[in-house]
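Below is the file protein-v5.csv, which contains CSV, C-alpha atoms.
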chain,number,residue,atom,x,y,z
C,1,GLY,CA,3.3,-6.6,1.6
C,2,GLY,CA,4.5,-4.9,4.8
C,3,GLY,CA,8.1,-5.4,3.9
C,4,PRO,CA,10.9,-4.8,6.5
C,5,GLY,CA,8.7,-2.8,8.9
C,6,THR,CA,10.8,0.4,8.7
C,7,TYR,CA,7.9,2.7,8.0
C,8,SER,CA,6.0,1.2,11.0
C,9,ALA,CA,9.0,1.5,13.3
C,10,LEU,CA,9.7,5.1,12.3
C,11,LEU,CA,6.0,6.1,12.6
C,12,THR,CA,5.7,4.6,16.0
C,13,GLN,CA,8.9,6.2,17.2
C,14,LYS,CA,7.6,9.6,16.0
C,15,THR,CA,4.0,9.2,17.3
C,16,PRO,CA,3.4,8.6,21.0
C,17,GLY,CA,0.7,6.0,21.6
C,18,LEU,CA,0.8,4.6,18.1
C,19,SER,CA,1.1,0.9,17.5
C,20,ALA,CA,1.4,-0.9,14.2
C,21,GLU,CA,1.2,-4.3,12.6
C,22,VAL,CA,3.4,-5.3,9.7
C,23,LEU,CA,1.8,-8.0,7.5
C,24,ASP,CA,3.9,-10.0,5.0
C,25,LEU,CA,4.8,-13.5,4.0
C,26,PRO,CA,6.4,-15.6,6.8
C,27,ALA,CA,10.0,-15.3,5.8
C,28,VAL,CA,9.7,-11.5,5.3
C,29,ALA,CA,7.8,-11.1,8.6
C,30,ASN,CA,10.6,-12.9,10.4
C,31,ILE,CA,13.2,-10.5,8.9
C,32,ALA,CA,10.9,-7.5,9.7
C,33,ARG,CA,10.7,-8.6,13.3
C,34,GLU,CA,14.5,-8.5,13.5
C,35,ILE,CA,14.7,-5.1,11.9
C,36,VAL,CA,11.9,-3.6,14.0
C,37,SER,CA,13.5,-4.9,17.1
C,38,GLY,CA,16.9,-3.5,16.1
C,39,MET,CA,15.3,-0.1,15.7
C,40,GLY,CA,13.9,-0.3,19.2
C,41,ALA,CA,10.3,-0.5,18.1
C,42,GLY,CA,9.6,-4.2,18.9
C,43,ASP,CA,7.3,-3.3,21.8
C,44,ARG,CA,5.0,-1.2,19.5
C,45,VAL,CA,5.2,-3.0,16.1
C,46,THR,CA,4.1,-6.6,15.7
C,47,CYS,CA,5.1,-8.5,12.6
C,48,THR,CA,2.6,-11.0,11.4
C,49,ALA,CA,2.8,-13.7,8.7
C,50,PHE,CA,0.1,-12.9,6.1
C,51,ASP,CA,-0.6,-13.6,2.5
C,52,TYR,CA,-2.9,-11.0,1.0
C,53,TYR,CA,-4.1,-13.5,-1.6
C,54,LYS,CA,-5.4,-16.0,0.9
C,55,ASP,CA,-5.7,-14.4,4.4
C,56,THR,CA,-8.3,-12.2,5.9
C,57,LEU,CA,-7.5,-9.0,7.8
C,58,THR,CA,-8.8,-9.0,11.3
C,59,GLY,CA,-9.0,-5.3,12.2
C,60,PRO,CA,-10.5,-3.1,12.9
C,61,TYR,CA,-7.7,-0.8,11.9
C,62,ASP,CA,-7.8,3.0,12.3
C,63,ALA,CA,-5.2,3.5,9.5
C,64,ILE,CA,-3.7,1.3,6.8
C,65,LEU,CA,-0.6,2.0,4.6
C,66,ILE,CA,-0.3,0.0,1.4
C,67,SER,CA,3.1,0.9,0.0
C,68,GLY,CA,4.9,-0.5,-3.1
C,69,VAL,CA,2.4,-3.4,-3.5
C,70,LEU,CA,-0.3,-2.4,-5.9
C,71,HIS,CA,2.0,-2.1,-8.9
C,72,ARG,CA,2.4,-5.9,-8.8
C,73,GLU,CA,-1.3,-6.5,-9.4
C,74,GLN,CA,-3.9,-6.2,-12.2
C,75,PRO,CA,-7.0,-4.2,-11.5
C,76,ASP,CA,-9.0,-7.1,-10.1
C,77,GLY,CA,-6.1,-7.8,-7.7
C,78,VAL,CA,-6.0,-4.2,-6.5
C,79,ARG,CA,-9.8,-4.3,-6.0
C,80,SER,CA,-9.5,-7.4,-3.9
C,81,ILE,CA,-6.8,-5.9,-1.7
C,82,LEU,CA,-8.7,-2.7,-1.2
C,83,ALA,CA,-11.9,-4.6,-0.4
C,84,LYS,CA,-10.1,-6.6,2.3
C,85,ALA,CA,-8.7,-3.3,3.7
C,86,SER,CA,-12.1,-1.7,3.7
C,87,ALA,CA,-13.7,-4.7,5.5
C,88,ALA,CA,-11.0,-4.4,8.2
C,89,SER,CA,-11.2,-0.6,8.6
C,90,ALA,CA,-13.2,1.2,11.2
C,91,PRO,CA,-15.6,4.0,9.9
C,92,GLY,CA,-13.5,7.2,9.6
C,93,ALA,CA,-10.3,5.1,9.2
C,94,VAL,CA,-7.6,6.5,6.9
C,95,ILE,CA,-5.9,4.6,4.1
C,96,HIS,CA,-2.7,5.7,2.4
C,97,LEU,CA,-1.7,4.2,-1.0
C,98,SER,CA,1.9,4.9,-1.7
C,99,ASP,CA,3.3,3.6,-5.0
C,100,VAL,CA,4.6,4.5,-8.5
C,101,MET,CA,1.5,5.8,-10.2
C,102,LEU,CA,0.7,7.0,-13.7
C,103,ASP,CA,-1.1,10.2,-14.8
C,104,ASP,CA,-4.7,9.7,-15.5
C,105,ASP,CA,-4.0,9.5,-19.3
C,106,ARG,CA,-1.5,6.8,-18.5
C,107,ALA,CA,1.2,8.6,-20.7
C,108,GLY,CA,3.4,9.9,-17.9
C,109,PRO,CA,5.2,10.8,-15.8
C,110,LEU,CA,8.3,9.4,-17.6
C,111,PHE,CA,9.6,7.5,-14.6
C,112,GLY,CA,6.1,6.0,-14.0
C,113,THR,CA,5.7,4.9,-17.6
C,114,MET,CA,9.2,3.3,-17.7
C,115,PHE,CA,8.5,1.6,-14.4
C,116,ALA,CA,5.2,0.3,-15.8
C,117,LEU,CA,6.9,-1.1,-18.9
C,118,ASN,CA,9.4,-2.8,-16.6
C,119,MET,CA,6.6,-4.3,-14.6
C,120,ARG,CA,4.8,-5.6,-17.7
C,121,VAL,CA,8.0,-7.3,-18.9
C,122,LEU,CA,9.4,-8.7,-15.7
C,123,ALA,CA,6.3,-9.3,-13.4
C,124,HIS,CA,3.5,-11.7,-14.2
C,125,ASP,CA,0.7,-9.4,-13.2
C,126,GLY,CA,2.7,-6.1,-12.8
C,127,ARG,CA,1.0,-3.0,-13.9
C,128,CYS,CA,1.1,0.6,-12.7
C,129,HIS,CA,-2.2,2.3,-12.1
C,130,SER,CA,-3.3,5.9,-12.4
C,131,VAL,CA,-4.6,8.1,-9.6
C,132,ALA,CA,-8.0,8.2,-11.3
C,133,GLU,CA,-8.2,4.4,-11.4
C,134,GLN,CA,-7.3,4.0,-7.7
C,135,THR,CA,-9.6,6.8,-6.7
C,136,ALA,CA,-12.5,4.9,-8.4
C,137,TRP,CA,-11.5,1.6,-6.8
C,138,LEU,CA,-11.3,3.3,-3.3
C,139,ALA,CA,-14.8,4.8,-3.9
C,140,GLU,CA,-16.2,1.3,-4.8
C,141,VAL,CA,-15.1,0.0,-1.3
C,142,GLY,CA,-16.3,3.0,0.7
C,143,TYR,CA,-13.4,5.5,0.8
C,144,THR,CA,-13.3,9.1,-0.2
C,145,VAL,CA,-10.0,10.5,-1.4
C,146,THR,CA,-9.0,13.6,0.6
C,147,ALA,CA,-5.5,14.3,-0.8
C,148,VAL,CA,-3.0,13.3,-3.5
C,149,HIS,CA,0.7,14.1,-3.2
C,150,ARG,CA,3.4,13.3,-5.7
C,151,LEU,CA,6.7,12.9,-3.9
C,152,PRO,CA,9.8,14.4,-5.6
C,153,ALA,CA,12.6,12.4,-7.3
C,154,PRO,CA,14.3,10.2,-6.4
C,155,ILE,CA,11.4,8.6,-4.6
C,156,ASN,CA,8.9,8.9,-7.6
C,157,TYR,CA,6.0,7.7,-5.5
C,158,THR,CA,2.5,9.2,-5.3
C,159,VAL,CA,0.6,9.0,-2.1
C,160,ILE,CA,-3.2,8.9,-2.1
C,161,ARG,CA,-4.9,9.6,1.3
C,162,ALA,CA,-8.5,8.5,1.7
C,163,GLU,CA,-11.0,8.2,4.5
C,164,LYS,CA,-13.5,5.4,5.1
C,165,ARG,CA,-17.1,6.7,4.9
C,166,ALA,CA,-19.3,5.9,7.9

Using structure tokens, write down the structure that the file contains.
Amino acid sequence: GGGPGTYSALLTQKTPGLSAEVLDLPAVANIAREIVSGMGAGDRVTCTAFDYYKDTLTGPYDAILISGVLHREQPDGVRSILAKASAASAPGAVIHLSDVMLDDDRAGPLFGTMFALNMRVLAHDGRCHSVAEQTAWLAEVGYTVTAVHRLPAPINYTVIRAEKRA
């Protein structure tokens, strides 16, 4: 679910010494490689063919960003993704979950509930998750949530930051 690699390219451009790996299906990884190269970040960002249903992360990673992926999965799928991330993370590693998220009562915010309805209708396993659900799932695989930020419209994403316990 690494997508076009723009986040990785921008982060490496802004952070000296940072390198990144974008993981996505082969066709997407090929496109990401072109975009990252065009952004001048090809020397610090690698784009790797990866299927999070089948493949194992190699790691160890110091940081992981999962953005715009988890709303496509039911709870067991999210747990599987987070378990793979945890297994590939070094102690003290940081994980950021960035996605459309629901309030803990699952009744809002309005954009999130409308997006969740859209996912249920149009995506086989689509489902938006609440911050509380994701916090619990992160705890199950060894992370402690340290911050939660709701980004303003028009982005409508929430970002959960967590650290891997030693």

Val78 of chain C proximity check over C:Ile155, C:Cys128, C:Ala29, C:Leu65, using only C-alpha atoms: winner is C:Cys128

Would you list the contacts of segment 112-118 of chain C as a tab-separated table (two decimals) with C-alpha atoms, keeping the file's coordinate frame, taking every protein, DNA or RNA residue within 8 Å and counting all atoms listed in the file, but skipping same-chain residues closer than 2 positions in sequence?
chain	number	residue	atom	x	y	z
C	71	HIS	CA	2.00	-2.10	-8.90
C	100	VAL	CA	4.60	4.50	-8.50
C	101	MET	CA	1.50	5.80	-10.20
C	102	LEU	CA	0.70	7.00	-13.70
C	106	ARG	CA	-1.50	6.80	-18.50
C	107	ALA	CA	1.20	8.60	-20.70
C	108	GLY	CA	3.40	9.90	-17.90
C	109	PRO	CA	5.20	10.80	-15.80
C	110	LEU	CA	8.30	9.40	-17.60
C	120	ARG	CA	4.80	-5.60	-17.70
C	121	VAL	CA	8.00	-7.30	-18.90
C	122	LEU	CA	9.40	-8.70	-15.70
C	123	ALA	CA	6.30	-9.30	-13.40
C	126	GLY	CA	2.70	-6.10	-12.80
C	127	ARG	CA	1.00	-3.00	-13.90
C	128	CYS	CA	1.10	0.60	-12.70
C	156	ASN	CA	8.90	8.90	-7.60

I need the residue nearest Gln13 of chain C from this list: C:Gly40, C:Gln74, C:Gln134, C:Leu25. Use all atoms listed in the file for the distance.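 Going through C:Gly40, C:Gln74, C:Gln134, C:Leu25 one by one, the smallest distance to Gln13 of chain C is for C:Gly40.
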
Shortest contact to Ala49 of chain C, candidates C:Gly68, C:Gly17, C:Gly3, C:Gly92, atoms counted all atoms listed in the file, goes to C:Gly3

Using only C-alpha atoms, the shortest atom-to-atom distance to Pro91 of chain C among C:Leu57, C:Ala166, C:Ile66, C:Leu138 belongs to C:Ala166

**Item:** Long-range neighbours of Ala32 of chain C as an NGL selection string, 6 Å cut-off, all atoms listed in the file, 3 positions minimum in chain
**Value:** :C and (4-5 or 29 or 35-36)

Using C-alpha atoms, can you export the residues from the last selection as a CSV table (one decimal), in the coordinates of the input?
chain,number,residue,atom,x,y,z
C,4,PRO,CA,10.9,-4.8,6.5
C,5,GLY,CA,8.7,-2.8,8.9
C,29,ALA,CA,7.8,-11.1,8.6
C,35,ILE,CA,14.7,-5.1,11.9
C,36,VAL,CA,11.9,-3.6,14.0

Report task. Compare C:Thr144, C:Ser8, C:Thr135, C:Ser89 by their minimum atom-to-atom distance to Thr46 of chain C, counting only C-alpha atoms, and give me the closest one. Result ->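 Comparing C:Thr144, C:Ser8, C:Thr135, C:Ser89 against Thr46 of chain C, the winner is C:Ser8.
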
Compile the contact shell of segment 157-160 of chain C as number ranges by chain: residues with an atom at most 7 Å away, counting only C-alpha atoms, same-chain residues fewer than 5 positions apart removed.
C: 96-101, 147-151

Judged by all atoms listed in the file, the minimum distance to Leu10 of chain C among C:Leu23, C:Val28, C:Lys164, C:Gly38 is found for C:Gly38

Residues within 12 Å of Asp55 of chain C, please, as a PDB file with C-alpha atoms, keeping the file's coordinate frame. Count all atoms listed in the file; anything in the same chain fewer than 6 positions from it doesn't count.
ATOM      1  CA  LEU C  23       1.800  -8.000   7.500  1.00  0.00           C
ATOM      2  CA  ASP C  24       3.900 -10.000   5.000  1.00  0.00           C
ATOM      3  CA  LEU C  25       4.800 -13.500   4.000  1.00  0.00           C
ATOM      4  CA  THR C  48       2.600 -11.000  11.400  1.00  0.00           C
ATOM      5  CA  ALA C  49       2.800 -13.700   8.700  1.00  0.00           C
ATOM      6  CA  SER C  80      -9.500  -7.400  -3.900  1.00  0.00           C
ATOM      7  CA  ILE C  81      -6.800  -5.900  -1.700  1.00  0.00           C
ATOM      8  CA  LYS C  84     -10.100  -6.600   2.300  1.00  0.00           C
ATOM      9  CA  ALA C  85      -8.700  -3.300   3.700  1.00  0.00           C
ATOM     10  CA  ALA C  88     -11.000  -4.400   8.200  1.00  0.00           C
TER      11      ALA C  88
END

**Report entry** Spatial neighbours of Ala90 of chain C, max dist 8 Å, only C-alpha atoms, sep filter under 6 positions, as a list in words
**Finding:**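 These residues fall inside the cut-off: Gly59, Pro60, Tyr61, Asp62 and Lys164 of chain C.
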
What is the distance, in Å and to one decimal place, between atom CA of Tyr53 of chain C and atom CA of Arg72 of chain C?
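Rounded to one decimal, the two atoms are 12.3 Å apart.
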
If you measure from atom CA of Thr15 of chain C to atom CA of Thr146 of chain C, what distance in Å do you get, rounded to one decimal?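 We find that atom CA of Thr15 of chain C and atom CA of Thr146 of chain C lie 21.6 Å from each other.
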
Point-to-point distance from atom CA of Gly142 of chain C to atom CA of Tyr7 of chain C, Å rounded to tenths
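Between atom CA of Gly142 of chain C and atom CA of Tyr7 of chain C the gap works out to 25.3 Å.
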
Kindly write N, CA and C atoms of segment 63-74 of chain C from the structure just given to a file, as a short mmCIF file (atom, residue, chain, number, x, y, z; two decimals), in the first residue's frame.
data_model
loop_
_atom_site.label_atom_id
_atom_site.label_comp_id
_atom_site.auth_asym_id
_atom_site.auth_seq_id
_atom_site.Cartn_x
_atom_site.Cartn_y
_atom_site.Cartn_z
N ALA C 63 10.93 3.17 11.37
CA ALA C 63 9.66 3.87 11.26
C ALA C 63 8.84 3.26 10.14
N ILE C 64 7.53 3.25 10.34
CA ILE C 64 6.61 2.73 9.33
C ILE C 64 5.44 3.70 9.21
N LEU C 65 5.06 4.00 7.97
CA LEU C 65 3.88 4.81 7.69
C LEU C 65 2.90 3.93 6.92
N ILE C 66 1.71 3.78 7.47
CA ILE C 66 0.63 3.07 6.77
C ILE C 66 -0.46 4.11 6.53
N SER C 67 -0.59 4.52 5.29
CA SER C 67 -1.48 5.63 4.97
C SER C 67 -2.50 5.23 3.91
N GLY C 68 -3.77 5.44 4.24
CA GLY C 68 -4.84 5.21 3.28
C GLY C 68 -5.03 3.76 2.89
N VAL C 69 -4.68 2.84 3.78
CA VAL C 69 -4.76 1.42 3.49
C VAL C 69 -5.78 0.72 4.38
N LEU C 70 -5.77 1.03 5.65
CA LEU C 70 -6.53 0.23 6.62
C LEU C 70 -8.04 0.32 6.43
N HIS C 71 -8.53 1.38 5.80
CA HIS C 71 -9.98 1.48 5.57
C HIS C 71 -10.47 0.48 4.52
N ARG C 72 -9.55 -0.23 3.91
CA ARG C 72 -9.92 -1.25 2.92
C ARG C 72 -10.04 -2.64 3.54
N GLU C 73 -9.82 -2.72 4.85
CA GLU C 73 -9.74 -4.02 5.53
C GLU C 73 -10.71 -4.13 6.69
N GLN C 74 -11.17 -5.34 6.92
CA GLN C 74 -11.93 -5.68 8.11
C GLN C 74 -10.95 -5.78 9.29
#
